[in-house]
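**Student:** Provided herewith: upload.tsv, TSV, C-alpha atoms.
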chain	number	residue	atom	x	y	z
K	9	ALA	CA	0.00	4.93	7.58
K	10	ALA	CA	-1.97	2.66	5.32
K	11	THR	CA	-2.26	2.66	1.55
K	12	GLU	CA	-5.69	1.88	0.15
K	13	ALA	CA	-4.60	1.57	-3.49
K	14	ILE	CA	-1.63	1.99	-5.78
K	15	ALA	CA	-1.71	3.23	-9.37
K	16	VAL	CA	0.99	3.09	-12.04
K	17	GLY	CA	0.87	4.97	-15.33
K	18	GLY	CA	2.45	7.60	-17.50
K	19	PRO	CA	4.53	7.67	-20.66
K	20	PHE	CA	6.40	4.43	-19.86
K	21	LEU	CA	3.01	2.65	-20.04
K	22	ARG	CA	2.04	4.62	-23.17
K	23	GLY	CA	-0.73	6.41	-21.27
K	24	HIS	CA	-2.27	3.24	-19.78
K	25	VAL	CA	-3.03	3.08	-16.03
K	26	LEU	CA	-2.90	0.04	-13.75
K	27	LYS	CA	-4.75	0.42	-10.43
K	28	ILE	CA	-4.52	-2.11	-7.60
K	29	PRO	CA	-6.81	-1.40	-4.62
K	30	ALA	CA	-7.35	-3.19	-1.30
K	31	LEU	CA	-9.67	-6.22	-1.56
K	32	GLU	CA	-12.72	-4.39	-0.21
K	33	SER	CA	-12.07	-1.23	-2.26
K	34	GLY	CA	-12.85	-2.64	-5.70
K	35	PRO	CA	-11.37	-4.62	-8.58
K	36	ILE	CA	-7.91	-4.40	-10.10
K	37	THR	CA	-8.23	-2.29	-13.26
K	38	TRP	CA	-6.40	-1.49	-16.49
K	39	ASN	CA	-7.62	1.86	-17.87
K	40	ASP	CA	-10.54	1.65	-15.38
K	41	SER	CA	-11.74	-1.72	-16.78
K	42	PRO	CA	-11.62	-4.68	-14.37
K	43	ILE	CA	-8.87	-7.26	-14.96
K	44	LEU	CA	-7.66	-10.31	-13.03
K	45	THR	CA	-11.23	-11.02	-11.94
K	46	THR	CA	-10.50	-14.67	-11.12
K	47	PHE	CA	-7.87	-16.07	-8.80
K	48	PRO	CA	-5.26	-16.99	-9.83
K	49	SER	CA	-5.12	-15.26	-13.21
K	50	SER	CA	-2.92	-13.33	-15.61
K	51	PHE	CA	-3.26	-10.37	-17.98
K	52	ASN	CA	-1.23	-9.16	-20.95
K	53	PRO	CA	-1.25	-5.34	-20.72
K	54	ALA	CA	-1.23	-4.31	-24.39
K	55	GLY	CA	2.18	-5.90	-24.97
K	56	LEU	CA	3.72	-3.84	-22.15
K	57	GLY	CA	4.75	-6.72	-19.93
K	58	ASP	CA	3.00	-9.30	-17.82
K	59	ILE	CA	0.62	-9.03	-14.85
K	60	ARG	CA	-0.18	-12.05	-12.66
K	61	TYR	CA	-2.44	-12.46	-9.64
K	62	ASN	CA	-1.65	-15.35	-7.30
K	63	ASP	CA	-0.58	-16.34	-3.79
K	64	GLN	CA	3.17	-16.44	-4.47
K	65	GLY	CA	5.84	-14.09	-3.17
K	66	ALA	CA	7.55	-12.77	-0.07
K	67	LEU	CA	5.48	-10.44	2.09
K	68	VAL	CA	6.51	-6.85	2.82
K	69	ASP	CA	4.95	-7.15	6.29
K	70	ASN	CA	5.54	-10.56	7.87
K	71	ALA	CA	2.84	-9.80	10.44
K	72	MET	CA	0.35	-10.77	7.72
K	73	HIS	CA	1.83	-14.27	7.17
K	74	ASN	CA	-1.22	-16.11	8.55
K	75	LEU	CA	-3.67	-14.45	6.17
K	76	ASP	CA	-4.54	-15.67	2.67
K	77	ARG	CA	-2.20	-14.09	0.16
K	78	ARG	CA	-3.58	-12.16	-2.81
K	79	ILE	CA	-0.52	-10.79	-4.63
K	80	VAL	CA	-0.31	-8.91	-7.92
K	81	HIS	CA	3.00	-9.17	-9.80
K	82	ALA	CA	3.46	-6.68	-12.64
K	83	GLN	CA	6.55	-6.90	-14.83
K	84	LEU	CA	6.46	-3.59	-16.71
K	85	PRO	CA	8.66	-1.66	-19.19
K	86	MET	CA	12.02	-0.24	-18.10
K	87	ASN	CA	12.55	-3.28	-15.83
K	88	VAL	CA	9.97	-2.07	-13.32
K	89	HIS	CA	8.65	-4.90	-11.18
K	90	LEU	CA	5.70	-4.18	-8.94
K	91	GLN	CA	4.53	-6.63	-6.28
K	92	VAL	CA	1.36	-5.58	-4.47
K	93	MET	CA	-0.11	-7.55	-1.58
K	94	ARG	CA	-3.86	-6.96	-1.34
K	95	TRP	CA	-5.41	-7.13	2.13
K	96	SER	CA	-8.97	-6.35	3.22
K	97	HIS	CA	-8.46	-2.63	3.86
K	98	HIS	CA	-4.95	-1.80	2.62
K	99	VAL	CA	-2.17	-2.81	0.26
K	100	ASN	CA	1.55	-3.32	0.78
K	101	ALA	CA	3.85	-2.77	-2.18
K	102	ARG	CA	7.38	-3.61	-3.22
K	103	ILE	CA	8.71	-1.76	-6.27
K	104	THR	CA	11.95	-2.94	-7.83
K	105	MET	CA	13.56	-0.98	-10.64
K	106	VAL	CA	16.82	0.40	-11.95
K	107	PRO	CA	17.29	3.89	-10.44
K	108	LEU	CA	16.79	6.70	-12.94
K	109	GLN	CA	18.86	9.87	-13.11
K	110	GLY	CA	17.05	12.60	-11.14
K	111	GLN	CA	14.56	10.15	-9.58
K	112	ASP	CA	12.96	11.51	-6.40
K	113	GLY	CA	9.80	11.02	-4.40
K	114	CYS	CA	8.32	10.01	-1.06
K	115	CYS	CA	11.03	7.35	-0.55
K	116	GLY	CA	13.81	9.83	-1.28
K	117	ASN	CA	16.26	10.17	-4.13
K	118	THR	CA	18.87	7.74	-5.42
K	119	ASN	CA	22.06	9.53	-4.34
K	120	GLY	CA	22.76	7.07	-1.50
K	121	ASN	CA	22.61	9.80	1.16
K	122	PRO	CA	19.70	9.15	3.56
K	123	LEU	CA	20.41	12.45	5.37
K	124	ASP	CA	18.80	14.45	2.52
K	125	ASP	CA	15.68	12.25	2.42
K	126	THR	CA	13.73	13.73	5.34
K	127	SER	CA	10.07	14.56	4.68
K	128	SER	CA	10.73	18.30	4.69
K	129	GLN	CA	13.65	17.99	2.25
K	130	ILE	CA	11.67	15.78	-0.13
K	131	GLN	CA	8.73	18.21	0.00
K	132	ALA	CA	11.10	21.09	-0.78
K	133	ARG	CA	12.38	19.23	-3.86
K	134	VAL	CA	9.17	17.76	-5.29
K	135	GLY	CA	6.37	19.71	-3.60
K	136	LEU	CA	3.36	18.62	-1.61
K	137	MET	CA	0.85	17.88	-4.33
K	138	ILE	CA	0.79	15.99	-7.60
K	139	ARG	CA	-0.07	18.20	-10.54
K	140	ARG	CA	-3.67	17.66	-11.68
K	141	ASP	CA	-2.53	16.55	-15.16
K	142	GLN	CA	-0.42	13.80	-13.53
K	143	LEU	CA	-3.13	12.37	-11.25
K	144	LEU	CA	-3.94	8.68	-11.74
K	145	PHE	CA	-6.88	8.54	-9.31
K	146	ASN	CA	-10.21	10.29	-9.82
K	147	THR	CA	-10.39	11.64	-6.26
K	148	VAL	CA	-8.07	14.26	-4.81
K	149	ILE	CA	-7.52	14.37	-1.08
K	150	PRO	CA	-6.14	17.78	-0.08
K	151	TYR	CA	-2.84	17.80	1.77
K	152	VAL	CA	-3.21	18.38	5.48
K	153	PRO	CA	-0.11	18.54	7.67
K	154	LEU	CA	0.17	15.27	9.52
K	155	HIS	CA	-0.64	14.84	13.15
K	156	ASN	CA	0.78	11.66	14.64
K	157	PRO	CA	-1.79	10.46	17.18
K	158	THR	CA	-0.75	8.74	20.40
K	159	LEU	CA	-2.51	6.20	22.60
K	160	ASP	CA	-3.22	9.03	25.05
K	161	GLU	CA	-5.58	10.51	22.43
K	162	CYS	CA	-7.64	7.33	22.06
K	163	THR	CA	-11.07	8.18	23.47
K	164	GLN	CA	-12.26	4.55	23.23
K	165	ARG	CA	-9.15	2.93	24.70
K	166	ALA	CA	-10.97	0.59	27.10
K	167	ALA	CA	-13.24	-0.73	24.33
K	168	ALA	CA	-10.28	-1.12	21.96
K	169	GLU	CA	-8.29	-2.99	24.59
K	170	ALA	CA	-11.26	-5.29	25.26
K	171	ALA	CA	-11.59	-6.05	21.54
K	172	CYS	CA	-7.89	-6.87	21.30
K	173	ARG	CA	-8.01	-9.15	24.37
K	174	ARG	CA	-11.18	-10.84	23.07
K	175	ASN	CA	-9.56	-11.60	19.71
K	176	ARG	CA	-6.17	-12.50	21.13
K	177	PRO	CA	-6.30	-13.83	24.72
K	178	GLY	CA	-3.08	-13.28	26.65
K	179	ILE	CA	-1.91	-10.33	24.56
K	180	SER	CA	0.11	-7.80	26.57
K	181	GLY	CA	2.83	-5.18	26.45
K	182	VAL	CA	3.93	-3.72	23.13
K	183	GLU	CA	1.71	-6.10	21.14
K	184	LEU	CA	-1.38	-5.00	23.10
K	185	ASP	CA	-0.48	-1.32	22.64
K	186	ALA	CA	-0.03	-1.85	18.89
K	187	CYS	CA	-3.39	-3.62	18.62
K	188	VAL	CA	-5.15	-0.93	20.69
K	189	PHE	CA	-3.60	1.80	18.53
K	190	ASP	CA	-4.76	0.05	15.33
K	191	VAL	CA	-8.31	-0.37	16.64
K	192	CYS	CA	-8.51	3.21	17.97
K	193	PHE	CA	-7.27	4.95	14.85
K	194	ALA	CA	-7.98	2.52	11.99
K	195	GLY	CA	-11.08	0.62	13.07
K	196	PRO	CA	-12.35	-2.44	14.94
K	197	GLN	CA	-11.57	-4.83	12.08
K	198	TYR	CA	-7.90	-4.53	13.06
K	199	ALA	CA	-8.46	-6.36	16.36
K	200	ALA	CA	-9.21	-9.51	14.36
K	201	GLN	CA	-6.47	-8.75	11.82
K	202	ASP	CA	-3.88	-8.28	14.59
K	203	ALA	CA	-5.05	-11.57	16.13
K	204	ALA	CA	-4.20	-13.37	12.89
K	205	GLU	CA	-0.58	-12.20	13.02
Could you take the file, read its structure, and then write that structure out as structure tokens?
**Tutor:**
Amino acid sequence: AATEAIAVGGPFLRGHVLKIPALESGPITWNDSPILTTFPSSFNPAGLGDIRYNDQGALVDNAMHNLDRRIVHAQLPMNVHLQVMRWSHHVNARITMVPLQGQDGCCGNTNGNPLDDTSSQIQARVGLMIRRDQLLFNTVIPYVPLHNPTLDECTQRAAAEAACRRNRPGISGVELDACVFDVCFAGPQYAAQDAAE
């Protein structure tokens, strides 16, 4: 799965909303107004912490280590630290915070028991959809039960494999399969991105 953007908001930000999209998806915004428009740069979010945009920080996905880093660091109220790595077509995020009583969500709860953090158990606790009054993005994508595609379903496998081999001569085995999968189901730009790994 890939995340195109991340948004943070709610009462702890006094109703303000920070949105951090992938590089080709638009600017970083605070209440839908562009911020951090130069690189590197910093922004003071209405006295609610500190937001910096630079090339510093450990990556969530080391496969991206050869690419230019564009990382947003947001130190927010309640000791929430958000680090978002912006790539061409997706973002990676690391959220560090003190666990809150009753906290739950797509990464599970904070009871220390991973056995009750399966997708179906989380959905039973918190539901499938975010309430409309809690949405931070303007567009709603309806929930559709996931289908996990396999390489056998790739109708353009030969072309995807050729693109991977063209961008990364000598690739084989698991690395080739991973590149072919990315190209088949995410797009041809991932042949070049996988080559940079």
**Student:** Write out as a ChimeraX atom specification which residues come within 6 Å of range 60-64 of chain K when counting only C-alpha atoms, dropping same-chain ones fewer than 5 positions away.
**Tutor:** /K:48-50,77-81
**Student:** Could you give me, as JSON lines, every range 24-129 of chain K residue with an atom at most 12 Å from range 186-198 of chain K, plus its closest atom pair and distance in Å to one decimal, counting all atoms listed in the file, rows ordered by chain then number?
**Tutor:**
{"residue": "K:Ala71", "atom": "CA", "partner": "K:Ala186", "partner_atom": "CA", "distance": 12.0}
{"residue": "K:Met72", "atom": "CA", "partner": "K:Tyr198", "partner_atom": "CA", "distance": 11.6}
{"residue": "K:Trp95", "atom": "CA", "partner": "K:Tyr198", "partner_atom": "CA", "distance": 11.5}
{"residue": "K:Ser96", "atom": "CA", "partner": "K:Gln197", "partner_atom": "CA", "distance": 9.4}
{"residue": "K:His97", "atom": "CA", "partner": "K:Gln197", "partner_atom": "CA", "distance": 9.1}
{"residue": "K:His98", "atom": "CA", "partner": "K:Ala194", "partner_atom": "CA", "distance": 10.8}
**Student:** What does the structure give for the distance between CA of Gln91 in chain K and CA of Ile103 in chain K, in Å to one decimal?
**Tutor:**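 Interatomic distance here is 6.4 Å.
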**Student:** Neighbours of Ile36 in chain K within 12 Å (all atoms listed in the file; same-chain residues fewer than 5 positions away dropped), as an mmCIF file with C-alpha atoms, keeping the file's coordinate frame?
**Tutor:**
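What follows is the written file out31.cif:
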data_model
loop_
_atom_site.group_PDB
_atom_site.id
_atom_site.type_symbol
_atom_site.label_atom_id
_atom_site.label_comp_id
_atom_site.auth_asym_id
_atom_site.auth_seq_id
_atom_site.Cartn_x
_atom_site.Cartn_y
_atom_site.Cartn_z
ATOM 1 C CA ALA K 13 -4.600 1.570 -3.490
ATOM 2 C CA ILE K 14 -1.630 1.990 -5.780
ATOM 3 C CA ALA K 15 -1.710 3.230 -9.370
ATOM 4 C CA VAL K 16 0.990 3.090 -12.040
ATOM 5 C CA VAL K 25 -3.030 3.080 -16.030
ATOM 6 C CA LEU K 26 -2.900 0.040 -13.750
ATOM 7 C CA LYS K 27 -4.750 0.420 -10.430
ATOM 8 C CA ILE K 28 -4.520 -2.110 -7.600
ATOM 9 C CA PRO K 29 -6.810 -1.400 -4.620
ATOM 10 C CA ALA K 30 -7.350 -3.190 -1.300
ATOM 11 C CA LEU K 31 -9.670 -6.220 -1.560
ATOM 12 C CA SER K 41 -11.740 -1.720 -16.780
ATOM 13 C CA PRO K 42 -11.620 -4.680 -14.370
ATOM 14 C CA ILE K 43 -8.870 -7.260 -14.960
ATOM 15 C CA LEU K 44 -7.660 -10.310 -13.030
ATOM 16 C CA THR K 45 -11.230 -11.020 -11.940
ATOM 17 C CA THR K 46 -10.500 -14.670 -11.120
ATOM 18 C CA PHE K 47 -7.870 -16.070 -8.800
ATOM 19 C CA SER K 49 -5.120 -15.260 -13.210
ATOM 20 C CA SER K 50 -2.920 -13.330 -15.610
ATOM 21 C CA PHE K 51 -3.260 -10.370 -17.980
ATOM 22 C CA ILE K 59 0.620 -9.030 -14.850
ATOM 23 C CA ARG K 60 -0.180 -12.050 -12.660
ATOM 24 C CA TYR K 61 -2.440 -12.460 -9.640
ATOM 25 C CA ARG K 78 -3.580 -12.160 -2.810
ATOM 26 C CA ILE K 79 -0.520 -10.790 -4.630
ATOM 27 C CA VAL K 80 -0.310 -8.910 -7.920
ATOM 28 C CA HIS K 81 3.000 -9.170 -9.800
ATOM 29 C CA ALA K 82 3.460 -6.680 -12.640
ATOM 30 C CA VAL K 92 1.360 -5.580 -4.470
ATOM 31 C CA MET K 93 -0.110 -7.550 -1.580
ATOM 32 C CA ARG K 94 -3.860 -6.960 -1.340
ATOM 33 C CA VAL K 99 -2.170 -2.810 0.260
#
**Student:** Work out how far CA of Ser127 in chain K is from CA of Pro157 in chain K, in Å to one decimal.
**Tutor:**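 Interatomic distance here is 17.7 Å.
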**Student:** Provide the CA of Pro107 in chain K to CA of Gln83 in chain K distance in Å, to one decimal place.
**Tutor:**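 It comes out at 15.8 Å.
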**Student:** From the set K:Gln111, K:Thr163, K:Gly120, K:Asn100, which residue has the shortest atom-to-atom contact distance to Val68 in chain K, counting all atoms listed in the file?
**Tutor:**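 For Val68 in chain K, the nearest of the given residues is K:Asn100.
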**Student:** Using all atoms listed in the file, find the one residue out of K:Ala101, K:Leu144, K:Ala199, K:Gly57 that sits nearest to Ala168 in chain K.
**Tutor:** K:Ala199
**Student:** Near range 128-134 of chain K, counting only C-alpha atoms, which residues have an atom at most 9 Å away, once you skip same-chain residues fewer than 4 positions from it, shown as an MDAnalysis selection string?
**Tutor:** chainID K and resid 112:117 124 138
**Student:** Of the candidates K:Val182, K:Leu75, K:Leu108, K:Leu90, which shows the shortest atom-to-atom distance to Ala200 in chain K, using all atoms listed in the file?
**Tutor:**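 Closest to Ala200 in chain K, using all atoms listed in the file: K:Leu75.
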**Student:** Sort by chain and increasing residue number a table of all residues of range 45-119 of chain K within 12 Å of range 20-23 of chain K, each with its closest pair of atoms and their distance in Å to one decimal, counting all atoms listed in the file, and write it as CSV.
**Tutor:**
residue,atom,partner,partner_atom,distance
K:Pro53,CA,K:Leu21,CA,9.1
K:Ala54,CA,K:Leu21,CA,9.2
K:Gly55,CA,K:Leu21,CA,9.9
K:Leu56,CA,K:Leu21,CA,6.9
K:Gly57,CA,K:Leu21,CA,9.5
K:Ala82,CA,K:Leu21,CA,11.9
K:Gln83,CA,K:Leu21,CA,11.4
K:Leu84,CA,K:Leu21,CA,7.9
K:Pro85,CA,K:Phe20,CA,6.5
K:Met86,CA,K:Phe20,CA,7.5
K:Asn87,CA,K:Phe20,CA,10.7
K:Val88,CA,K:Phe20,CA,9.9
**Student:** Please, what is the axis-aligned box for every listed atom of range 114-130 of chain K with 6 Å on each side, as centre and edge lengths in Å to one decimal, as AutoDock Vina command-line options?
**Tutor:**
--center_x 15.5 --center_y 12.7 --center_z 0.0 --size_x 26.4 --size_y 23.2 --size_z 22.8
**Student:** Extract range 35-123 of chain K from the structure I just pasted (atoms: C-alpha atoms) and return it as an mmCIF file, in the first residue's frame.
**Tutor:**
data_model
loop_
_atom_site.group_PDB
_atom_site.id
_atom_site.type_symbol
_atom_site.label_atom_id
_atom_site.label_comp_id
_atom_site.auth_asym_id
_atom_site.auth_seq_id
_atom_site.Cartn_x
_atom_site.Cartn_y
_atom_site.Cartn_z
ATOM 1 C CA PRO K 35 2.270 21.768 -1.598
ATOM 2 C CA ILE K 36 2.455 21.252 2.147
ATOM 3 C CA THR K 37 -0.411 23.250 3.679
ATOM 4 C CA TRP K 38 -1.579 24.710 6.984
ATOM 5 C CA ASN K 39 -5.353 25.284 6.872
ATOM 6 C CA ASP K 40 -5.180 24.753 3.079
ATOM 7 C CA SER K 41 -2.643 27.598 2.606
ATOM 8 C CA PRO K 42 0.785 26.595 1.253
ATOM 9 C CA ILE K 43 3.677 26.610 3.742
ATOM 10 C CA LEU K 44 7.314 25.495 3.562
ATOM 11 C CA THR K 45 7.452 26.573 -0.080
ATOM 12 C CA THR K 46 11.261 26.781 -0.108
ATOM 13 C CA PHE K 47 13.763 24.105 0.804
ATOM 14 C CA PRO K 48 14.954 23.994 3.503
ATOM 15 C CA SER K 49 12.495 26.074 5.514
ATOM 16 C CA SER K 50 10.560 26.291 8.765
ATOM 17 C CA PHE K 51 7.099 27.378 9.904
ATOM 18 C CA ASN K 52 5.655 28.389 13.266
ATOM 19 C CA PRO K 53 2.123 26.932 13.360
ATOM 20 C CA ALA K 54 0.222 29.537 15.379
ATOM 21 C CA GLY K 55 2.336 28.899 18.474
ATOM 22 C CA LEU K 56 1.464 25.179 18.406
ATOM 23 C CA GLY K 57 4.976 23.850 17.930
ATOM 24 C CA ASP K 58 7.549 23.866 15.179
ATOM 25 C CA ILE K 59 7.514 22.530 11.605
ATOM 26 C CA ARG K 60 10.735 22.155 9.593
ATOM 27 C CA TYR K 61 11.378 20.948 6.052
ATOM 28 C CA ASN K 62 14.877 19.646 5.315
ATOM 29 C CA ASP K 63 16.945 16.628 4.293
ATOM 30 C CA GLN K 64 17.721 15.395 7.818
ATOM 31 C CA GLY K 65 16.439 12.262 9.532
ATOM 32 C CA ALA K 66 16.386 8.488 9.406
ATOM 33 C CA LEU K 67 14.280 6.958 6.650
ATOM 34 C CA VAL K 68 11.319 4.665 7.343
ATOM 35 C CA ASP K 69 12.137 2.718 4.165
ATOM 36 C CA ASN K 70 15.889 2.304 3.625
ATOM 37 C CA ALA K 71 15.225 1.271 0.021
ATOM 38 C CA MET K 72 14.872 5.000 -0.694
ATOM 39 C CA HIS K 73 18.359 5.907 0.640
ATOM 40 C CA ASN K 74 19.753 6.888 -2.783
ATOM 41 C CA LEU K 75 17.026 9.443 -3.491
ATOM 42 C CA ASP K 76 17.083 13.097 -2.440
ATOM 43 C CA ARG K 77 15.477 13.466 0.962
ATOM 44 C CA ARG K 78 12.596 15.880 1.490
ATOM 45 C CA ILE K 79 11.531 15.405 5.118
ATOM 46 C CA VAL K 80 8.966 17.330 7.151
ATOM 47 C CA HIS K 81 9.481 17.340 10.937
ATOM 48 C CA ALA K 82 6.514 18.569 12.972
ATOM 49 C CA GLN K 83 6.856 18.924 16.740
ATOM 50 C CA LEU K 84 3.244 19.373 17.854
ATOM 51 C CA PRO K 85 1.294 19.669 21.138
ATOM 52 C CA MET K 86 0.997 16.679 23.490
ATOM 53 C CA ASN K 87 4.561 15.608 22.553
ATOM 54 C CA VAL K 88 3.478 14.425 19.109
ATOM 55 C CA HIS K 89 6.391 14.288 16.688
ATOM 56 C CA LEU K 90 5.617 13.657 13.049
ATOM 57 C CA GLN K 91 8.340 12.897 10.507
ATOM 58 C CA VAL K 92 7.097 12.614 6.922
ATOM 59 C CA MET K 93 9.359 11.656 4.037
ATOM 60 C CA ARG K 94 8.020 13.077 0.769
ATOM 61 C CA TRP K 95 8.721 11.079 -2.390
ATOM 62 C CA SER K 96 7.460 11.652 -5.931
ATOM 63 C CA HIS K 97 4.247 9.646 -5.619
ATOM 64 C CA HIS K 98 3.942 8.665 -1.950
ATOM 65 C CA VAL K 99 4.915 9.571 1.594
ATOM 66 C CA ASN K 100 6.365 7.524 4.436
ATOM 67 C CA ALA K 101 5.610 8.621 7.986
ATOM 68 C CA ARG K 102 6.930 8.037 11.472
ATOM 69 C CA ILE K 103 4.707 9.228 14.320
ATOM 70 C CA THR K 104 6.154 9.321 17.820
ATOM 71 C CA MET K 105 3.952 10.161 20.787
ATOM 72 C CA VAL K 106 3.054 9.174 24.316
ATOM 73 C CA PRO K 107 0.261 6.554 24.121
ATOM 74 C CA LEU K 108 -3.128 7.868 25.193
ATOM 75 C CA GLN K 109 -5.684 5.935 27.215
ATOM 76 C CA GLY K 110 -8.152 4.303 24.799
ATOM 77 C CA GLN K 111 -6.011 5.068 21.722
ATOM 78 C CA ASP K 112 -6.836 2.821 18.765
ATOM 79 C CA GLY K 113 -6.577 2.892 14.998
ATOM 80 C CA CYS K 114 -5.106 1.253 11.917
ATOM 81 C CA CYS K 115 -1.863 0.420 13.782
ATOM 82 C CA GLY K 116 -3.751 -1.162 16.664
ATOM 83 C CA ASN K 117 -4.249 -0.162 20.266
ATOM 84 C CA THR K 118 -1.710 0.431 23.018
ATOM 85 C CA ASN K 119 -2.392 -2.584 25.248
ATOM 86 C CA GLY K 120 0.799 -4.385 24.190
ATOM 87 C CA ASN K 121 -1.117 -7.383 22.811
ATOM 88 C CA PRO K 122 -0.548 -7.701 19.036
ATOM 89 C CA LEU K 123 -3.026 -10.609 18.874
#
